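Below is the file protein_34.cif, which contains mmCIF, C-alpha atoms.
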```cif
data_structure
loop_
_atom_site.label_atom_id
_atom_site.label_comp_id
_atom_site.auth_asym_id
_atom_site.auth_seq_id
_atom_site.Cartn_x
_atom_site.Cartn_y
_atom_site.Cartn_z
CA MET A 1 34.62 26.05 160.31
CA ALA A 2 34.47 29.76 161.13
CA THR A 3 31.90 30.38 158.42
CA GLU A 4 29.66 27.67 159.81
CA TYR A 5 29.45 29.20 163.23
CA SER A 6 28.96 32.70 161.90
CA GLU A 7 26.00 31.36 159.97
CA HIS A 8 24.56 29.93 163.13
CA ILE A 9 24.67 33.32 164.80
CA GLU A 10 22.25 34.60 162.20
CA SER A 11 19.95 31.62 162.56
CA LYS A 12 17.06 31.28 164.94
CA ASP A 13 18.66 28.72 167.25
CA LYS A 14 20.50 29.91 170.32
CA GLN A 15 24.20 30.52 169.99
CA PRO A 16 26.56 29.08 172.62
CA ARG A 17 28.77 31.64 174.40
CA THR A 18 31.59 29.30 175.42
CA ALA A 19 33.84 26.77 173.71
CA ARG A 20 32.23 24.08 175.82
CA GLY A 21 28.80 25.24 174.73
CA LEU A 22 29.87 25.15 171.07
CA LYS A 23 31.08 21.60 171.60
CA THR A 24 27.80 20.52 173.20
CA LYS A 25 25.80 22.08 170.40
CA ARG A 26 28.02 20.36 167.83
CA LYS A 27 27.44 17.03 169.62
CA LEU A 28 23.68 17.58 169.50
CA LEU A 29 23.77 18.38 165.77
CA ASP A 30 25.90 15.30 165.01
CA ALA A 31 23.62 13.10 167.11
CA ALA A 32 20.58 14.62 165.38
CA ALA A 33 22.07 13.78 161.97
CA LEU A 34 22.30 10.12 163.00
CA GLU A 35 18.88 10.02 164.68
CA PHE A 36 16.99 11.79 161.85
CA GLY A 37 19.00 9.91 159.23
CA GLU A 38 18.16 6.55 160.75
CA LYS A 39 14.59 7.04 161.95
CA GLY A 40 13.29 9.96 159.88
CA PHE A 41 11.82 13.12 161.39
CA HIS A 42 8.57 11.69 162.74
CA GLU A 43 10.07 8.69 164.54
CA ALA A 44 13.10 10.59 165.84
CA SER A 45 12.88 11.80 169.44
CA ILE A 46 14.64 14.45 171.49
CA THR A 47 15.60 11.88 174.15
CA GLY A 48 17.00 9.62 171.40
CA ILE A 49 19.16 12.55 170.28
CA THR A 50 20.41 13.54 173.74
CA GLN A 51 21.19 9.87 174.51
CA ARG A 52 23.24 9.57 171.32
CA ALA A 53 24.98 12.87 172.15
CA GLY A 54 25.59 11.80 175.72
CA THR A 55 24.18 15.10 176.99
CA ALA A 56 21.48 15.91 179.51
CA LEU A 57 17.98 16.72 178.27
CA GLY A 58 18.42 20.23 179.71
CA SER A 59 21.34 20.88 177.34
CA PHE A 60 19.00 20.31 174.42
CA TYR A 61 16.65 23.04 175.57
CA THR A 62 19.56 25.41 176.16
CA TYR A 63 20.10 25.45 172.41
CA PHE A 64 16.85 24.42 170.76
CA ASP A 65 13.17 25.00 171.52
CA SER A 66 11.85 21.93 169.73
CA LYS A 67 12.56 18.97 167.46
CA ASP A 68 11.41 21.12 164.52
CA GLU A 69 13.90 23.84 165.36
CA LEU A 70 16.74 21.34 165.70
CA PHE A 71 15.81 19.81 162.36
CA SER A 72 15.92 23.22 160.65
CA ALA A 73 19.27 23.98 162.32
CA LEU A 74 20.57 20.62 161.11
CA VAL A 75 19.55 21.27 157.50
CA ARG A 76 21.33 24.65 157.60
CA ASP A 77 24.32 23.01 159.27
CA MET A 78 24.58 20.26 156.62
CA SER A 79 24.10 22.78 153.85
CA SER A 80 26.95 24.93 155.20
CA ARG A 81 29.20 21.92 155.81
CA VAL A 82 28.74 20.72 152.22
CA LYS A 83 29.60 24.26 151.15
CA SER A 84 32.76 24.54 153.27
CA HIS A 85 33.84 21.00 152.41
CA ALA A 86 33.61 21.81 148.70
CA ALA A 87 35.29 25.19 149.23
CA SER A 88 38.24 23.61 151.05
CA ALA A 89 38.69 21.13 148.19
CA MET A 90 38.76 23.93 145.63
CA THR A 91 41.79 25.80 146.96
CA GLU A 92 44.03 24.66 144.11
CA TRP A 93 42.75 24.39 140.59
CA GLN A 94 44.09 24.96 137.13
CA ASP A 95 40.98 26.14 135.38
CA ALA A 96 37.24 26.45 135.97
CA LEU A 97 36.53 22.94 134.64
CA GLU A 98 39.03 21.48 137.09
CA ARG A 99 37.34 23.44 139.86
CA GLU A 100 33.93 21.93 139.08
CA LYS A 101 35.50 18.49 139.07
CA LEU A 102 37.04 19.08 142.50
CA ALA A 103 33.69 20.39 143.80
CA LEU A 104 31.85 17.24 142.71
CA GLU A 105 34.61 14.96 143.99
CA ALA A 106 34.45 16.71 147.39
CA PHE A 107 30.66 16.42 147.46
CA MET A 108 30.81 12.70 146.64
CA THR A 109 33.34 12.12 149.40
CA PHE A 110 31.26 14.11 151.87
CA ALA A 111 28.10 12.17 150.95
CA ARG A 112 29.87 8.83 151.42
CA GLU A 113 31.05 9.87 154.86
CA HIS A 114 27.66 11.34 155.81
CA LYS A 115 25.21 9.02 154.12
CA GLU A 116 22.36 10.49 156.16
CA ILE A 117 22.62 13.79 154.26
CA TYR A 118 20.28 12.80 151.44
CA ARG A 119 17.56 11.55 153.72
CA ILE A 120 17.74 14.70 155.85
CA ILE A 121 17.82 17.24 153.02
CA ASP A 122 15.13 15.29 151.13
CA GLU A 123 12.89 15.07 154.19
CA ALA A 124 13.23 18.85 154.60
CA GLU A 125 10.98 19.14 151.52
CA PHE A 126 8.16 17.98 153.81
CA VAL A 127 9.30 19.04 157.29
CA ASP A 128 10.86 22.42 156.51
CA PRO A 129 10.21 23.44 152.88
CA ASP A 130 11.89 26.85 153.25
CA SER A 131 15.21 25.29 154.30
CA TYR A 132 14.92 22.76 151.48
CA ARG A 133 14.44 25.47 148.93
CA SER A 134 17.19 27.69 150.39
CA HIS A 135 19.65 24.83 150.32
CA TYR A 136 19.22 24.31 146.58
CA GLU A 137 18.85 27.99 145.69
CA GLU A 138 22.06 28.87 147.51
CA THR A 139 23.95 25.92 146.06
CA ALA A 140 22.83 26.85 142.53
CA LYS A 141 23.81 30.47 143.18
CA ARG A 142 27.35 29.45 144.15
CA ILE A 143 27.66 27.25 141.06
CA HIS A 144 26.37 30.09 138.88
CA GLU A 145 28.97 32.45 140.37
CA ARG A 146 31.69 29.93 139.59
CA LEU A 147 30.39 29.59 136.02
CA GLU A 148 30.54 33.36 135.57
CA GLU A 149 34.07 33.46 136.97
CA GLY A 150 34.98 30.65 134.58
CA SER A 151 33.52 32.61 131.65
CA ALA A 152 35.41 35.74 132.70
CA ALA A 153 38.63 33.70 132.85
CA GLY A 154 38.01 32.35 129.35
CA ASP A 155 37.61 28.76 130.51
CA PHE A 156 33.83 28.61 130.01
CA ARG A 157 31.68 30.00 127.24
CA GLY A 158 29.83 33.25 127.83
CA GLY A 159 26.09 33.40 128.40
CA LEU A 160 25.91 30.67 131.03
CA GLU A 161 22.69 31.19 132.93
CA GLU A 162 21.16 30.17 136.23
CA ALA A 163 19.66 27.19 134.36
CA HIS A 164 23.17 25.91 133.56
CA ALA A 165 23.93 25.97 137.28
CA TRP A 166 20.74 24.03 138.04
CA ALA A 167 21.64 21.46 135.38
CA ILE A 168 25.10 20.96 136.95
CA MET A 169 23.67 20.78 140.47
CA GLY A 170 21.16 18.15 139.32
CA MET A 171 23.94 16.08 137.76
CA ASN A 172 25.95 16.25 140.97
CA VAL A 173 23.02 15.43 143.27
CA PHE A 174 21.97 12.36 141.26
CA LEU A 175 25.52 11.09 140.78
CA GLY A 176 26.02 11.51 144.53
CA LEU A 177 22.84 9.54 145.26
CA ARG A 178 23.66 6.70 142.86
CA TYR A 179 27.42 6.40 143.38
CA GLY A 180 27.84 7.91 146.83
CA ILE A 181 24.86 6.58 148.78
CA TRP A 182 23.37 3.58 146.95
CA SER A 183 26.66 1.97 145.96
CA GLU A 184 30.35 2.78 145.80
CA GLU A 185 31.14 0.66 142.74
CA LYS A 186 33.01 3.60 141.22
CA SER A 187 35.36 6.00 142.96
CA ALA A 188 34.51 9.65 143.57
CA VAL A 189 37.32 10.54 141.14
CA GLN A 190 35.89 8.33 138.36
CA ILE A 191 32.44 9.85 138.71
CA ALA A 192 33.82 13.39 138.86
CA GLU A 193 35.77 12.69 135.64
CA ILE A 194 32.65 11.52 133.82
CA ALA A 195 30.73 14.64 134.87
CA SER A 196 33.68 16.86 134.02
CA ASP A 197 33.93 15.31 130.58
CA ILE A 198 30.28 16.15 129.94
CA LEU A 199 30.97 19.77 130.92
CA ALA A 200 34.14 19.82 128.82
CA ARG A 201 32.68 18.58 125.53
CA GLY A 202 29.16 17.22 125.90
CA ILE A 203 28.34 13.74 124.72
CA ALA A 204 27.85 14.30 120.98
CA THR A 205 30.39 13.11 118.43
CA ASP A 206 32.80 15.76 117.21
CA LYS A 207 31.33 16.92 113.91
CA ASP A 208 34.30 18.90 112.61
CA MET B 1 -1.86 3.97 127.45
CA ALA B 2 -1.80 0.24 126.74
CA THR B 3 1.62 -0.11 128.36
CA GLU B 4 0.36 1.59 131.50
CA TYR B 5 -2.42 -0.86 132.08
CA SER B 6 -0.29 -3.87 131.24
CA GLU B 7 2.10 -2.66 133.95
CA HIS B 8 -0.76 -2.51 136.40
CA ILE B 9 -1.63 -6.12 135.74
CA GLU B 10 1.78 -7.10 137.05
CA SER B 11 1.44 -4.89 140.12
CA LYS B 12 0.03 -5.93 143.44
CA ASP B 13 -3.16 -3.86 143.23
CA LYS B 14 -6.31 -5.48 141.90
CA GLN B 15 -6.99 -5.11 138.22
CA PRO B 16 -10.46 -4.04 137.07
CA ARG B 17 -12.23 -6.45 134.69
CA THR B 18 -14.53 -3.95 132.97
CA ALA B 19 -14.16 -0.60 131.21
CA ARG B 20 -16.23 0.94 133.98
CA GLY B 21 -13.91 -0.56 136.58
CA LEU B 22 -10.87 0.81 134.77
CA LYS B 23 -12.50 4.23 134.77
CA THR B 24 -13.22 4.06 138.50
CA LYS B 25 -9.69 2.99 139.26
CA ARG B 26 -8.34 5.83 137.09
CA LYS B 27 -10.55 8.28 139.01
CA LEU B 28 -9.19 6.99 142.31
CA LEU B 29 -5.57 7.34 141.12
CA ASP B 30 -6.19 10.88 139.85
CA ALA B 31 -7.92 11.83 143.10
CA ALA B 32 -5.07 10.26 145.08
CA ALA B 33 -2.53 12.34 143.13
CA LEU B 34 -4.34 15.51 144.21
CA GLU B 35 -4.90 14.38 147.81
CA PHE B 36 -1.33 13.14 148.39
CA GLY B 37 0.10 16.09 146.44
CA GLU B 38 -1.79 18.61 148.55
CA LYS B 39 -1.71 17.02 151.99
CA GLY B 40 1.22 14.62 151.90
CA PHE B 41 0.96 10.92 152.70
CA HIS B 42 0.36 11.16 156.45
CA GLU B 43 -2.41 13.77 156.33
CA ALA B 44 -4.12 12.28 153.28
CA SER B 45 -7.14 10.08 153.97
CA ILE B 46 -9.00 7.39 152.06
CA THR B 47 -12.31 9.23 152.52
CA GLY B 48 -10.65 12.42 151.24
CA ILE B 49 -9.64 10.48 148.13
CA THR B 50 -13.03 8.84 147.50
CA GLN B 51 -14.75 12.19 148.01
CA ARG B 52 -12.49 13.84 145.44
CA ALA B 53 -13.05 10.89 143.08
CA GLY B 54 -16.81 10.99 143.62
CA THR B 55 -16.85 7.26 144.30
CA ALA B 56 -18.21 5.19 147.18
CA LEU B 57 -15.81 4.04 149.90
CA GLY B 58 -16.52 0.44 148.83
CA SER B 59 -15.05 1.15 145.37
CA PHE B 60 -11.76 2.01 147.03
CA TYR B 61 -11.53 -1.37 148.69
CA THR B 62 -12.45 -3.12 145.45
CA TYR B 63 -9.12 -1.97 144.04
CA PHE B 64 -6.82 -1.24 146.98
CA ASP B 65 -6.29 -2.79 150.39
CA SER B 66 -4.90 0.30 152.09
CA LYS B 67 -3.64 3.86 151.76
CA ASP B 68 -0.09 2.45 151.50
CA GLU B 69 -1.05 0.21 148.62
CA LEU B 70 -2.76 3.07 146.78
CA PHE B 71 0.31 5.27 147.30
CA SER B 72 2.60 2.60 145.80
CA ALA B 73 0.22 2.13 142.87
CA LEU B 74 0.20 5.89 142.35
CA VAL B 75 4.01 6.11 142.26
CA ARG B 76 4.11 3.31 139.67
CA ASP B 77 1.30 5.01 137.74
CA MET B 78 3.09 8.39 137.68
CA SER B 79 6.34 6.74 136.72
CA SER B 80 4.70 4.97 133.80
CA ARG B 81 2.79 8.09 132.72
CA VAL B 82 6.02 10.14 132.63
CA LYS B 83 7.52 7.32 130.57
CA SER B 84 4.66 7.15 128.07
CA HIS B 85 4.35 10.95 127.87
CA ALA B 86 8.05 11.20 126.96
CA ALA B 87 7.77 8.26 124.56
CA SER B 88 4.85 9.85 122.72
CA ALA B 89 6.84 13.09 122.34
CA MET B 90 9.81 11.23 120.86
CA THR B 91 8.05 9.76 117.82
CA GLU B 92 9.78 12.13 115.41
CA TRP B 93 13.38 13.13 115.86
CA GLN B 94 16.33 13.89 113.64
CA ASP B 95 19.15 12.61 115.79
CA ALA B 96 19.78 11.33 119.31
CA LEU B 97 20.47 14.84 120.67
CA GLU B 98 17.14 16.04 119.35
CA ARG B 99 15.50 13.04 120.96
CA GLU B 100 16.92 13.93 124.42
CA LYS B 101 15.71 17.49 123.93
CA LEU B 102 12.20 16.27 123.14
CA ALA B 103 12.27 13.95 126.17
CA LEU B 104 13.14 16.82 128.54
CA GLU B 105 10.63 19.16 126.93
CA ALA B 106 7.92 16.52 127.36
CA PHE B 107 8.93 15.93 130.99
CA MET B 108 8.84 19.68 131.74
CA THR B 109 5.38 19.97 130.18
CA PHE B 110 4.13 16.96 132.12
CA ALA B 111 5.54 18.33 135.41
CA ARG B 112 3.84 21.70 134.83
CA GLU B 113 0.52 19.99 134.23
CA HIS B 114 0.96 17.61 137.19
CA LYS B 115 2.78 19.72 139.74
CA GLU B 116 2.06 17.15 142.44
CA ILE B 117 4.45 14.68 140.80
CA TYR B 118 7.58 15.91 142.60
CA ARG B 119 6.00 15.83 146.02
CA ILE B 120 4.64 12.31 145.45
CA ILE B 121 7.82 10.78 143.98
CA ASP B 122 9.95 12.55 146.60
CA GLU B 123 7.72 11.39 149.46
CA ALA B 124 8.07 7.83 148.16
CA GLU B 125 11.67 7.96 149.43
CA PHE B 126 10.13 7.77 152.91
CA VAL B 127 6.80 6.03 152.37
CA ASP B 128 7.78 3.43 149.76
CA PRO B 129 11.58 3.39 149.23
CA ASP B 130 11.47 0.47 146.76
CA SER B 131 9.14 2.33 144.39
CA TYR B 132 11.29 5.45 144.73
CA ARG B 133 14.41 3.55 143.78
CA SER B 134 12.70 1.65 140.95
CA HIS B 135 11.40 4.88 139.46
CA TYR B 136 14.90 6.34 139.13
CA GLU B 137 16.63 3.09 138.21
CA GLU B 138 14.16 2.45 135.41
CA THR B 139 14.30 6.02 134.14
CA ALA B 140 18.12 5.93 134.09
CA LYS B 141 18.01 2.59 132.30
CA ARG B 142 15.81 4.03 129.55
CA ILE B 143 18.12 7.04 129.15
CA HIS B 144 21.14 4.73 129.02
CA GLU B 145 19.50 2.67 126.28
CA ARG B 146 18.85 5.85 124.29
CA LEU B 147 22.48 6.90 124.77
CA GLU B 148 23.68 3.56 123.43
CA GLU B 149 21.33 3.83 120.46
CA GLY B 150 22.68 7.33 119.87
CA SER B 151 26.26 6.03 119.97
CA ALA B 152 25.39 3.22 117.55
CA ALA B 153 23.83 5.78 115.20
CA GLY B 154 26.99 7.92 115.35
CA ASP B 155 25.24 10.85 117.02
CA PHE B 156 26.82 10.31 120.45
CA ARG B 157 30.35 9.34 121.40
CA GLY B 158 31.06 5.74 122.32
CA GLY B 159 31.67 4.62 125.88
CA LEU B 160 28.70 6.35 127.44
CA GLU B 161 28.02 4.62 130.74
CA GLU B 162 25.21 4.30 133.21
CA ALA B 163 26.74 7.28 135.02
CA HIS B 164 26.14 9.47 131.96
CA ALA B 165 22.48 8.50 132.11
CA TRP B 166 22.31 9.41 135.82
CA ALA B 167 23.95 12.77 135.08
CA ILE B 168 21.35 13.53 132.39
CA MET B 169 18.47 12.36 134.58
CA GLY B 170 19.72 14.61 137.40
CA MET B 171 19.88 17.61 135.07
CA ASN B 172 16.33 16.94 133.90
CA VAL B 173 14.90 16.41 137.39
CA PHE B 174 16.42 19.62 138.78
CA LEU B 175 15.52 21.71 135.73
CA GLY B 176 11.97 20.35 136.03
CA LEU B 177 11.82 21.29 139.70
CA ARG B 178 13.19 24.81 139.22
CA TYR B 179 11.51 25.75 135.93
CA GLY B 180 8.51 23.43 135.90
CA ILE B 181 7.30 23.47 139.51
CA TRP B 182 8.79 26.47 141.34
CA SER B 183 8.37 28.96 138.49
CA GLU B 184 7.59 29.08 134.82
CA GLU B 185 9.73 32.10 133.96
CA LYS B 186 11.22 30.19 131.04
CA SER B 187 9.41 27.97 128.56
CA ALA B 188 9.92 24.21 128.45
CA VAL B 189 11.52 24.71 125.02
CA GLN B 190 14.04 27.26 126.34
CA ILE B 191 15.09 24.97 129.19
CA ALA B 192 15.30 21.93 126.91
CA GLU B 193 17.55 23.94 124.56
CA ILE B 194 19.93 24.88 127.37
CA ALA B 195 20.21 21.26 128.49
CA SER B 196 20.59 20.07 124.90
CA ASP B 197 23.37 22.57 124.31
CA ILE B 198 25.27 21.17 127.33
CA LEU B 199 24.92 17.67 125.87
CA ALA B 200 25.94 18.90 122.41
CA ARG B 201 29.16 20.71 123.37
CA GLY B 202 29.56 21.08 127.11
CA ILE B 203 30.16 24.52 128.60
CA ALA B 204 33.90 24.96 128.02
CA THR B 205 35.25 27.36 125.43
CA ASP B 206 36.28 25.80 122.13
CA LYS B 207 40.02 25.39 122.41
CA ASP B 208 40.80 24.61 118.79
#
```

Written as structure tokens, how would this file's structure read?
Amino acid sequence: MATEYSEHIESKDKQPRTARGLKTKRKLLDAAALEFGEKGFHEASITGITQRAGTALGSFYTYFDSKDELFSALVRDMSSRVKSHAASAMTEWQDALEREKLALEAFMTFAREHKEIYRIIDEAEFVDPDSYRSHYEETAKRIHERLEEGSAAGDFRGGLEEAHAWAIMGMNVFLGLRYGIWSEEKSAVQIAEIASDILARGIATDKD
Amino acid sequence: MATEYSEHIESKDKQPRTARGLKTKRKLLDAAALEFGEKGFHEASITGITQRAGTALGSFYTYFDSKDELFSALVRDMSSRVKSHAASAMTEWQDALEREKLALEAFMTFAREHKEIYRIIDEAEFVDPDSYRSHYEETAKRIHERLEEGSAAGDFRGGLEEAHAWAIMGMNVFLGLRYGIWSEEKSAVQIAEIASDILARGIATDKD
């Protein structure tokens, strides 16, 4: 969680100075995720968020200037939580393929537990386009770095480009939508294995 | 284009009876794509659309009851145009892999020429969730059918599931966003080759 808070320091929203303040801000972000996830940005209200959080209206304005600012903070927060959730799942892996599988499995699990994430990130395209773009650019950058590490380790082919990272991110996002949010007819492990198999050998017949 | 119009007959919006009526309705849909693409659903207006189309306000109400109804018709229209654009590009192909490459290349080209498509389909998640879902479910279904044909022809492995289709659709959607909408630093052919190479052999090193 340390990385999350250090990211908040750099962001525009106001950083709590005490443990209690951190806790209040966390409550507001969690309440905002539910409020925005359920009602969407336009219907969501600051009082709806403080009521869900069980905090006074004044607490809101201690940390955020507006609904827009809270929304942007929430998108950054979700983006960094997805990142740290995936990172914590990738502590033990045998090779780079296994690591990608663990990353997708962690993302699927996170999405199932935080079903509002798609609606919030997707609505950022309209409410806060810069955060939307940053979320995907940074995610693709991390995947690309892992691909290059995998190539260096001899697990992946050489010459894997940014476009390969975008292809993998797209796979993961759509599998998460279909099998994490819309239905859970398959387990996160099953879906991660299908994606991993595509990365391992493609879908063509072996022609040798 | 025949398939497009036959789809419209089944839809809720009113179907023109004359060639001139078809042309007017087409003008309204094209104008709506620009208006919604530029301003988003909430800021877009019916008068803005009829002005762009160069039609009288009355013509609008001949074919659509409301801005919502036009938006839904537009999502279905874009979905069916993507479908027919891809279908027309896939008339000549050597094997199933080549066919997927042509489908992505056609999608990238279409997205570059109709940059508003992402914003409109993505906004449907909020404005018209059923159309949003149908668009992706139908696209995945078509890809899955092609995968099964490819397996039957011996080009693809057996056992390719719906999840494989969702993985491929996700790759295509994100590659289209990054290299079709956000920048055109690589050609549609280059991107389609990268994706095709992933489907052909994955990204792992050959371990034999």

Query raised in the report: Quick one: which residues end up in the PyMOL selection byres ((chain B) within 10 of (chain A)) for this structure, as a PyMOL selection string?
Result: chain B and resi 40+96-97+119+122-123+125-126+133+136-137+147+150-151+154-161+163-179+182+186+190-191+194-207

Report task. Decode the PyMOL selection byres ((chain A and resi 44) around 12) for the given file into explicit residues and return them as number ranges by chain. Result -> A: 31-43, 45-52, 67-68, 70-71, 120

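Picture a line from atom CA of Phe110 of chain A to atom CA of Asp128 of chain A; it runs 22.5 Å.
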
Requested in this report: Go through the shown structure with the PyMOL selection byres ((chain A and resi 75) around 9) and write out the matching residues as a VMD selection string.
Outcome: chain A and resid 70 to 74 76 to 80 117 120 to 121 124 128 131 to 132 135

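Considering the residues A:Ser134, A:Ser183, A:Thr55, A:Thr62 and counting only C-alpha atoms, Ala111 of chain A has its shortest atom-to-atom contact with A:Ser183.
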
Report summary line: The distance between atom CA of Arg112 of chain A and atom CA of His144 of chain B is 24.4 Å

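Separating atom CA of His85 of chain A from atom CA of Ala153 of chain A is a distance of 23.8 Å.
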